[in-house]
>>> print(open('upload-v9.cif').read())   # mmCIF, C-alpha atoms
data_upload
loop_
_atom_site.group_PDB
_atom_site.id
_atom_site.type_symbol
_atom_site.label_atom_id
_atom_site.label_comp_id
_atom_site.auth_asym_id
_atom_site.auth_seq_id
_atom_site.Cartn_x
_atom_site.Cartn_y
_atom_site.Cartn_z
ATOM 1 C CA MET A 5 89.495 117.841 105.755
ATOM 2 C CA ARG A 6 90.094 114.101 105.904
ATOM 3 C CA SER A 7 90.984 112.469 109.195
ATOM 4 C CA ASP A 8 91.099 108.887 107.870
ATOM 5 C CA VAL A 9 94.874 108.847 107.559
ATOM 6 C CA LYS A 10 96.987 105.681 107.688
ATOM 7 C CA HIS A 11 100.437 106.669 108.872
ATOM 8 C CA PHE A 12 99.774 109.170 111.672
ATOM 9 C CA GLN A 13 96.940 110.076 114.009
ATOM 10 C CA CYS A 14 94.460 112.812 113.156
ATOM 11 C CA GLU A 15 91.445 114.140 115.038
ATOM 12 C CA ILE A 16 89.342 117.107 113.946
ATOM 13 C CA LYS A 17 87.034 118.706 116.480
ATOM 14 C CA ASP A 18 85.545 122.200 116.650
ATOM 15 C CA ARG A 19 87.626 123.297 113.647
ATOM 16 C CA ILE A 20 90.901 122.326 115.347
ATOM 17 C CA ALA A 21 92.919 119.433 113.923
ATOM 18 C CA THR A 22 95.265 117.511 116.194
ATOM 19 C CA VAL A 23 97.847 115.346 114.475
ATOM 20 C CA ARG A 24 100.581 113.230 116.005
ATOM 21 C CA LEU A 25 102.920 110.472 114.949
ATOM 22 C CA ASP A 26 101.709 107.111 116.184
ATOM 23 C CA ARG A 27 104.644 104.876 117.053
ATOM 24 C CA PRO A 28 105.165 105.758 120.726
ATOM 25 C CA ASP A 29 107.003 102.495 121.415
ATOM 26 C CA ARG A 30 109.830 103.830 119.197
ATOM 27 C CA LYS A 31 109.493 107.487 120.146
ATOM 28 C CA ASN A 32 107.456 108.278 117.029
ATOM 29 C CA PRO A 33 109.942 108.050 114.153
ATOM 30 C CA LEU A 34 109.059 109.172 110.653
ATOM 31 C CA THR A 35 108.917 106.709 107.755
ATOM 32 C CA PHE A 36 108.760 107.177 103.992
ATOM 33 C CA ASP A 37 104.995 106.689 104.217
ATOM 34 C CA SER A 38 104.400 109.111 107.087
ATOM 35 C CA TYR A 39 106.566 111.776 105.425
ATOM 36 C CA ALA A 40 104.562 111.526 102.217
ATOM 37 C CA GLU A 41 101.154 111.389 103.888
ATOM 38 C CA LEU A 42 101.920 114.333 106.170
ATOM 39 C CA ARG A 43 103.136 116.333 103.167
ATOM 40 C CA ASP A 44 99.944 115.602 101.257
ATOM 41 C CA TRP A 45 97.728 116.284 104.293
ATOM 42 C CA PHE A 46 99.257 119.714 104.907
ATOM 43 C CA ARG A 47 99.036 120.518 101.193
ATOM 44 C CA ASP A 48 95.323 119.679 101.231
ATOM 45 C CA LEU A 49 94.872 121.850 104.318
ATOM 46 C CA VAL A 50 95.092 124.945 102.113
ATOM 47 C CA TYR A 51 91.674 124.074 100.713
ATOM 48 C CA ALA A 52 90.052 122.827 103.942
ATOM 49 C CA ASP A 53 87.065 124.843 105.124
ATOM 50 C CA ASP A 54 86.551 122.831 108.316
ATOM 51 C CA VAL A 55 89.967 123.409 109.962
ATOM 52 C CA ASP A 56 91.268 126.741 111.255
ATOM 53 C CA VAL A 57 94.186 125.683 113.487
ATOM 54 C CA VAL A 58 96.446 122.621 113.725
ATOM 55 C CA ILE A 59 98.097 121.157 116.812
ATOM 56 C CA PHE A 60 101.031 118.847 116.088
ATOM 57 C CA GLY A 61 101.160 116.916 119.335
ATOM 58 C CA SER A 62 103.368 114.462 121.163
ATOM 59 C CA ASN A 63 102.516 110.831 121.803
ATOM 60 C CA GLY A 64 103.566 108.629 124.692
ATOM 61 C CA GLY A 65 105.801 111.276 126.235
ATOM 62 C CA ASN A 66 107.771 112.074 123.066
ATOM 63 C CA PHE A 67 107.355 114.269 119.998
ATOM 64 C CA SER A 68 109.473 112.480 117.391
ATOM 65 C CA SER A 69 112.820 110.729 117.112
ATOM 66 C CA GLY A 70 113.183 111.797 113.479
ATOM 67 C CA GLY A 71 113.784 109.528 110.510
ATOM 68 C CA ASP A 72 113.501 105.853 111.375
ATOM 69 C CA VAL A 73 116.947 104.223 111.450
ATOM 70 C CA HIS A 74 115.763 100.938 109.967
ATOM 71 C CA ASP A 75 112.984 102.142 107.661
ATOM 72 C CA ILE A 76 114.770 105.227 106.290
ATOM 73 C CA ILE A 77 118.465 105.526 107.180
ATOM 74 C CA GLY A 78 119.339 101.986 106.122
ATOM 75 C CA PRO A 79 117.601 102.166 102.730
ATOM 76 C CA LEU A 80 119.143 105.596 102.040
ATOM 77 C CA THR A 81 122.639 104.083 102.158
ATOM 78 C CA ARG A 82 121.657 101.856 99.210
ATOM 79 C CA MET A 83 120.067 104.526 97.001
ATOM 80 C CA ASN A 84 121.595 106.243 93.988
ATOM 81 C CA MET A 85 121.854 110.020 93.652
ATOM 82 C CA LYS A 86 118.554 110.429 91.794
ATOM 83 C CA GLU A 87 116.679 108.470 94.462
ATOM 84 C CA LEU A 88 118.379 110.376 97.273
ATOM 85 C CA LEU A 89 117.448 113.726 95.751
ATOM 86 C CA GLN A 90 113.838 112.587 95.383
ATOM 87 C CA PHE A 91 113.818 111.767 99.095
ATOM 88 C CA THR A 92 115.429 115.001 100.296
ATOM 89 C CA ARG A 93 113.079 117.020 98.124
ATOM 90 C CA MET A 94 110.105 115.144 99.565
ATOM 91 C CA THR A 95 111.184 115.903 103.132
ATOM 92 C CA GLY A 96 111.667 119.555 102.229
ATOM 93 C CA ASP A 97 108.229 119.560 100.650
ATOM 94 C CA LEU A 98 106.766 118.658 104.061
ATOM 95 C CA VAL A 99 108.271 121.825 105.548
ATOM 96 C CA LYS A 100 107.002 123.901 102.627
ATOM 97 C CA ALA A 101 103.550 122.381 103.062
ATOM 98 C CA ILE A 102 103.481 123.302 106.769
ATOM 99 C CA VAL A 103 104.689 126.833 106.067
ATOM 100 C CA ASN A 104 102.254 127.350 103.193
ATOM 101 C CA CYS A 105 99.169 125.545 104.555
ATOM 102 C CA GLY A 106 97.418 128.821 105.426
ATOM 103 C CA LYS A 107 96.551 127.706 108.975
ATOM 104 C CA PRO A 108 98.452 128.438 112.224
ATOM 105 C CA VAL A 109 100.302 125.326 113.420
ATOM 106 C CA ILE A 110 101.123 124.788 117.105
ATOM 107 C CA ALA A 111 103.761 122.229 118.085
ATOM 108 C CA ALA A 112 103.196 120.678 121.527
ATOM 109 C CA VAL A 113 106.560 119.131 122.365
ATOM 110 C CA ASP A 114 107.306 116.593 125.069
ATOM 111 C CA GLY A 115 110.403 114.453 125.466
ATOM 112 C CA VAL A 116 112.449 113.557 122.391
ATOM 113 C CA CYS A 117 112.240 116.071 119.541
ATOM 114 C CA VAL A 118 115.174 115.405 117.236
ATOM 115 C CA GLY A 119 116.155 115.301 113.588
ATOM 116 C CA ALA A 120 113.137 115.667 111.336
ATOM 117 C CA GLY A 121 110.988 115.911 114.473
ATOM 118 C CA ALA A 122 112.868 119.061 115.471
ATOM 119 C CA ILE A 123 112.374 120.349 111.940
ATOM 120 C CA ILE A 124 108.595 119.881 112.191
ATOM 121 C CA ALA A 125 108.591 121.831 115.455
ATOM 122 C CA MET A 126 110.774 124.494 113.826
ATOM 123 C CA ALA A 127 108.395 124.795 110.852
ATOM 124 C CA SER A 128 105.402 125.329 113.141
ATOM 125 C CA ASP A 129 104.200 128.842 113.953
ATOM 126 C CA LEU A 130 104.089 128.454 117.744
ATOM 127 C CA ARG A 131 105.763 125.978 120.073
ATOM 128 C CA LEU A 132 104.929 124.860 123.597
ATOM 129 C CA ALA A 133 107.156 122.402 125.438
ATOM 130 C CA THR A 134 107.569 120.570 128.707
ATOM 131 C CA ALA A 135 110.693 120.804 130.837
ATOM 132 C CA GLU A 136 111.541 117.287 129.621
ATOM 133 C CA ALA A 137 111.732 118.329 125.958
ATOM 134 C CA LYS A 138 115.119 117.695 124.362
ATOM 135 C CA THR A 139 115.458 119.223 120.918
ATOM 136 C CA ALA A 140 118.360 118.352 118.630
ATOM 137 C CA PHE A 141 119.171 118.929 114.982
ATOM 138 C CA LEU A 142 121.466 115.946 114.991
ATOM 139 C CA PHE A 143 122.161 115.507 111.281
ATOM 140 C CA THR A 144 125.893 116.047 111.729
ATOM 141 C CA ARG A 145 125.979 113.133 114.173
ATOM 142 C CA VAL A 146 125.014 110.765 111.364
ATOM 143 C CA GLY A 147 127.568 112.211 108.945
ATOM 144 C CA LEU A 148 125.284 114.710 107.241
ATOM 145 C CA ALA A 149 125.198 118.499 106.964
ATOM 146 C CA GLY A 150 123.094 120.604 109.271
ATOM 147 C CA CYS A 151 121.417 122.184 106.222
ATOM 148 C CA ASP A 152 118.447 119.829 106.185
ATOM 149 C CA MET A 153 114.813 120.656 105.363
ATOM 150 C CA GLY A 154 115.397 124.403 105.638
ATOM 151 C CA ALA A 155 117.211 124.374 108.993
ATOM 152 C CA CYS A 156 119.922 126.818 107.907
ATOM 153 C CA ALA A 157 117.275 129.275 106.708
ATOM 154 C CA ILE A 158 114.600 128.994 109.396
ATOM 155 C CA LEU A 159 116.420 128.176 112.644
ATOM 156 C CA PRO A 160 118.680 131.297 112.622
ATOM 157 C CA ARG A 161 115.585 133.453 112.178
ATOM 158 C CA ILE A 162 114.129 131.957 115.347
ATOM 159 C CA ILE A 163 117.099 131.719 117.718
ATOM 160 C CA GLY A 164 119.850 133.716 116.000
ATOM 161 C CA GLN A 165 122.750 132.814 113.725
ATOM 162 C CA THR A 166 125.389 131.818 116.272
ATOM 163 C CA ARG A 167 123.055 129.728 118.420
ATOM 164 C CA ALA A 168 121.740 127.971 115.336
ATOM 165 C CA ALA A 169 125.302 127.386 114.120
ATOM 166 C CA GLU A 170 126.229 125.737 117.422
ATOM 167 C CA LEU A 171 123.270 123.356 117.319
ATOM 168 C CA LEU A 172 123.754 122.525 113.637
ATOM 169 C CA TYR A 173 127.528 121.964 113.903
ATOM 170 C CA THR A 174 127.490 119.934 117.110
ATOM 171 C CA GLY A 175 124.125 118.189 116.957
ATOM 172 C CA ARG A 176 123.800 118.645 120.706
ATOM 173 C CA ALA A 177 120.427 118.766 122.393
ATOM 174 C CA MET A 178 118.909 122.137 123.241
ATOM 175 C CA SER A 179 117.288 121.928 126.655
ATOM 176 C CA ALA A 180 113.743 123.126 127.172
ATOM 177 C CA GLU A 181 115.004 126.011 129.301
ATOM 178 C CA GLU A 182 117.425 127.081 126.567
ATOM 179 C CA GLY A 183 114.692 126.723 123.983
ATOM 180 C CA GLU A 184 112.397 129.069 125.885
ATOM 181 C CA ARG A 185 115.164 131.548 126.679
ATOM 182 C CA TRP A 186 116.337 131.616 123.075
ATOM 183 C CA GLY A 187 112.829 132.086 121.685
ATOM 184 C CA PHE A 188 112.401 128.659 120.098
ATOM 185 C CA TYR A 189 109.640 127.795 122.567
ATOM 186 C CA ASN A 190 106.935 130.331 123.355
ATOM 187 C CA ARG A 191 106.652 128.937 126.857
ATOM 188 C CA LEU A 192 107.156 125.847 128.993
ATOM 189 C CA VAL A 193 104.292 123.943 130.601
ATOM 190 C CA THR A 194 104.023 120.744 132.596
ATOM 191 C CA GLY A 195 103.584 117.378 130.951
ATOM 192 C CA GLU A 196 100.172 117.030 132.554
ATOM 193 C CA THR A 197 98.943 120.317 131.048
ATOM 194 C CA LEU A 198 100.714 120.261 127.660
ATOM 195 C CA GLU A 199 97.719 119.099 125.635
ATOM 196 C CA ASP A 200 95.307 121.373 127.496
ATOM 197 C CA GLU A 201 97.550 124.411 127.062
ATOM 198 C CA ALA A 202 98.012 123.699 123.368
ATOM 199 C CA LEU A 203 94.251 123.335 122.969
ATOM 200 C CA LYS A 204 93.585 126.582 124.856
ATOM 201 C CA LEU A 205 96.030 128.408 122.590
ATOM 202 C CA ALA A 206 94.448 126.838 119.508
ATOM 203 C CA GLN A 207 90.963 127.808 120.693
ATOM 204 C CA LYS A 208 92.073 131.389 121.309
ATOM 205 C CA ILE A 209 93.467 131.623 117.785
ATOM 206 C CA GLN A 210 90.480 129.818 116.265
ATOM 207 C CA ALA A 211 88.102 132.329 117.852
ATOM 208 C CA GLY A 212 89.848 135.126 115.984
ATOM 209 C CA PRO A 213 89.522 136.317 112.367
ATOM 210 C CA ASN A 214 90.743 133.218 110.554
ATOM 211 C CA PHE A 215 90.889 134.730 107.070
ATOM 212 C CA ALA A 216 93.142 137.409 108.547
ATOM 213 C CA HIS A 217 95.202 134.709 110.309
ATOM 214 C CA MET A 218 95.756 133.081 106.929
ATOM 215 C CA MET A 219 96.979 136.393 105.580
ATOM 216 C CA THR A 220 99.306 136.864 108.556
ATOM 217 C CA LYS A 221 100.844 133.414 108.030
ATOM 218 C CA THR A 222 101.247 134.092 104.329
ATOM 219 C CA MET A 223 103.012 137.388 104.963
ATOM 220 C CA LEU A 224 105.265 135.908 107.647
ATOM 221 C CA ALA A 225 106.522 133.402 105.089
ATOM 222 C CA GLN A 226 106.702 135.631 102.018
ATOM 223 C CA GLU A 227 108.367 138.629 103.631
ATOM 224 C CA TRP A 228 111.562 136.693 104.339
ATOM 225 C CA ALA A 229 112.530 137.301 100.722
ATOM 226 C CA MET A 230 111.314 140.901 100.481
ATOM 227 C CA SER A 231 112.956 144.260 101.005
ATOM 228 C CA ILE A 232 111.386 146.572 103.587
ATOM 229 C CA GLU A 233 109.782 148.563 100.791
ATOM 230 C CA GLN A 234 108.339 145.435 99.182
ATOM 231 C CA ALA A 235 107.092 144.146 102.544
ATOM 232 C CA ILE A 236 105.313 147.399 103.376
ATOM 233 C CA GLU A 237 103.567 147.389 99.989
ATOM 234 C CA ALA A 238 102.634 143.698 100.318
ATOM 235 C CA GLU A 239 101.184 144.332 103.769
ATOM 236 C CA ALA A 240 99.242 147.324 102.467
ATOM 237 C CA GLN A 241 97.616 145.090 99.859
ATOM 238 C CA ALA A 242 96.989 142.275 102.354
ATOM 239 C CA GLN A 243 95.397 144.606 104.876
ATOM 240 C CA ALA A 244 93.198 146.219 102.224
ATOM 241 C CA ILE A 245 91.921 142.760 101.337
ATOM 242 C CA CYS A 246 91.186 142.033 105.011
ATOM 243 C CA MET A 247 89.275 145.308 105.264
ATOM 244 C CA GLN A 248 86.747 143.880 102.812
ATOM 245 C CA THR A 249 85.935 140.890 105.045
ATOM 246 C CA GLY A 250 82.849 140.467 107.137
ATOM 247 C CA ASP A 251 85.020 140.007 110.213
ATOM 248 C CA PHE A 252 86.378 143.541 109.884
ATOM 249 C CA GLU A 253 82.838 144.939 109.844
ATOM 250 C CA ARG A 254 81.802 142.665 112.708
ATOM 251 C CA ALA A 255 84.687 143.953 114.812
ATOM 252 C CA TYR A 256 83.655 147.560 114.160
ATOM 253 C CA ASN A 257 80.000 146.912 114.977
ATOM 254 C CA ALA A 258 80.958 145.074 118.166
ATOM 255 C CA PHE A 259 83.209 147.943 119.218
ATOM 256 C CA VAL A 260 80.404 150.461 118.697
ATOM 257 C CA ALA A 261 78.011 148.260 120.670
ATOM 258 C CA LYS A 262 80.665 147.689 123.363
ATOM 259 C CA GLU A 263 80.496 143.931 122.776
ATOM 260 C CA ARG A 264 83.051 141.248 122.086
ATOM 261 C CA PRO A 265 83.212 140.499 118.337
ATOM 262 C CA VAL A 266 82.254 137.040 117.153
ATOM 263 C CA PHE A 267 84.351 136.269 114.079
ATOM 264 C CA GLU A 268 83.169 133.955 111.299
ATOM 265 C CA GLY A 269 86.276 133.744 109.141
ATOM 266 C CA ASP A 270 84.935 135.540 106.081
#
>>> encode(input="upload-v9.cif", output="structure tokens")
Amino acid sequence: MRSDVKHFQCEIKDRIATVRLDRPDRKNPLTFDSYAELRDWFRDLVYADDVDVVIFGSNGGNFSSGGDVHDIIGPLTRMNMKELLQFTRMTGDLVKAIVNCGKPVIAAVDGVCVGAGAIIAMASDLRLATAEAKTAFLFTRVGLAGCDMGACAILPRIIGQTRAAELLYTGRAMSAEEGERWGFYNRLVTGETLEDEALKLAQKIQAGPNFAHMMTKTMLAQEWAMSIEQAIEAEAQAQAICMQTGDFERAYNAFVAKERPVFEGD
């Protein structure tokens, strides 16, 4: 998986990729270029054999301030409908790429996490945050609908319909304590330990059966649109596939030998 990106930071070490937006002086806004490159990077992740887990980290005490006012918001006011739809589809494609990348994604959130930044955190599989994290889906505050980049579909599934409706109608910030209590954040950690805790969580996941993790992520996404009967059948097929992996046999042999299994992802 390539780490020579231009519009965000990327480091790959021990099969864990850490990405972060790289404009800390402006609280890490997104630009047209960073949107597109992140979308393409997560799309390519499906085929990457050297990355098992992704951490989407903060930078300079903040996660992301969302779309850049000068580089994105201003130009959008001068676009025609065709151009606007191309842009909104591109931003939605970033969410789809994160959801469908086949690798668990952990958001490590500090400070400002608003707009498209909040969407990236929302699209991640797991979320850690500091007490200073302020998360807002503030589209309505700039005259837009709250239904942006899948927010009306995904956010209610995480925190519930009425809580999501409040945040999307008002654009107010959700505190870190609310986020943890409502289930948006898995847990809160200190700013000093945020990166370490995210890495520990990533390492714990990476040490597991990564082919099976891919299947779990796939099922979590696909079963939103399934009936219970369809989901049970889909999971039966997915689990049967996993039972043919080497990791399944390794787990059995380790259990018999009273040892801890060492998974290899195949």
>>> atom_distance(input="upload-v9.cif", atom1="CA of Ile110 (chain A)", atom2="CA of Leu198 (chain A)")
11.5 Å
>>> residues_around(input="upload-v9.cif", residues="Ile16 (chain A)", least_positions_apart="4", cutoff="10 Å", atoms="only C-alpha atoms", output="list of chain:residue names")
A:Met5, A:Arg6, A:Ser7, A:Ile20, A:Ala21, A:Thr22, A:Val23, A:Asp54, A:Val55, A:Val57, A:Val58
>>> residues_around(input="upload-v9.cif", residues="Glu136 (chain A)", least_positions_apart="6", cutoff="10 Å", atoms="all atoms listed in the file", output="PDB file with C-alpha atoms, in the coordinates of the input")
ATOM      1  CA  GLY A  65     105.801 111.276 126.235  1.00  0.00           C
ATOM      2  CA  ASN A  66     107.771 112.074 123.066  1.00  0.00           C
ATOM      3  CA  VAL A 113     106.560 119.131 122.365  1.00  0.00           C
ATOM      4  CA  ASP A 114     107.306 116.593 125.069  1.00  0.00           C
ATOM      5  CA  GLY A 115     110.403 114.453 125.466  1.00  0.00           C
ATOM      6  CA  VAL A 116     112.449 113.557 122.391  1.00  0.00           C
ATOM      7  CA  SER A 179     117.288 121.928 126.655  1.00  0.00           C
ATOM      8  CA  ALA A 180     113.743 123.126 127.172  1.00  0.00           C
ATOM      9  CA  GLU A 181     115.004 126.011 129.301  1.00  0.00           C
ATOM     10  CA  LEU A 192     107.156 125.847 128.993  1.00  0.00           C
ATOM     11  CA  VAL A 193     104.292 123.943 130.601  1.00  0.00           C
ATOM     12  CA  THR A 194     104.023 120.744 132.596  1.00  0.00           C
ATOM     13  CA  GLY A 195     103.584 117.378 130.951  1.00  0.00           C
TER      14      GLY A 195
END
>>> residues_around(input="upload-v9.cif", residues="Arg145 (chain A)", least_positions_apart="6", cutoff="12 Å", atoms="all atoms listed in the file", output="MDAnalysis selection string")
chainID A and resid 118:119 171:177
>>> residues_near_point(input="upload-v9.cif", point="(101.4, 127.8, 109.6)", cutoff="10 Å", atoms="all atoms listed in the file", output="list in words")
Phe46, Val57, Val58, Val99, Lys100, Ala101, Ile102, Val103, Asn104, Cys105, Gly106, Lys107, Pro108, Val109, Ile110, Ala127, Ser128, Asp129, Leu130, His217, Met218, Thr220, Lys221, Thr222, Leu224 and Ala225 of chain A
>>> write_last_selection(input="upload-v9.cif", atoms="C-alpha atoms", output="mmCIF file, keeping the file's coordinate frame")
data_model
loop_
_atom_site.group_PDB
_atom_site.id
_atom_site.type_symbol
_atom_site.label_atom_id
_atom_site.label_comp_id
_atom_site.auth_asym_id
_atom_site.auth_seq_id
_atom_site.Cartn_x
_atom_site.Cartn_y
_atom_site.Cartn_z
ATOM 1 C CA PHE A 46 99.257 119.714 104.907
ATOM 2 C CA VAL A 57 94.186 125.683 113.487
ATOM 3 C CA VAL A 58 96.446 122.621 113.725
ATOM 4 C CA VAL A 99 108.271 121.825 105.548
ATOM 5 C CA LYS A 100 107.002 123.901 102.627
ATOM 6 C CA ALA A 101 103.550 122.381 103.062
ATOM 7 C CA ILE A 102 103.481 123.302 106.769
ATOM 8 C CA VAL A 103 104.689 126.833 106.067
ATOM 9 C CA ASN A 104 102.254 127.350 103.193
ATOM 10 C CA CYS A 105 99.169 125.545 104.555
ATOM 11 C CA GLY A 106 97.418 128.821 105.426
ATOM 12 C CA LYS A 107 96.551 127.706 108.975
ATOM 13 C CA PRO A 108 98.452 128.438 112.224
ATOM 14 C CA VAL A 109 100.302 125.326 113.420
ATOM 15 C CA ILE A 110 101.123 124.788 117.105
ATOM 16 C CA ALA A 127 108.395 124.795 110.852
ATOM 17 C CA SER A 128 105.402 125.329 113.141
ATOM 18 C CA ASP A 129 104.200 128.842 113.953
ATOM 19 C CA LEU A 130 104.089 128.454 117.744
ATOM 20 C CA HIS A 217 95.202 134.709 110.309
ATOM 21 C CA MET A 218 95.756 133.081 106.929
ATOM 22 C CA THR A 220 99.306 136.864 108.556
ATOM 23 C CA LYS A 221 100.844 133.414 108.030
ATOM 24 C CA THR A 222 101.247 134.092 104.329
ATOM 25 C CA LEU A 224 105.265 135.908 107.647
ATOM 26 C CA ALA A 225 106.522 133.402 105.089
#
>>> closest_residue(input="upload-v9.cif", among="A:Phe91, A:Ala202, A:Gly154, A:Ala135", to="Glu182 (chain A)", atoms="only C-alpha atoms")
A:Ala135
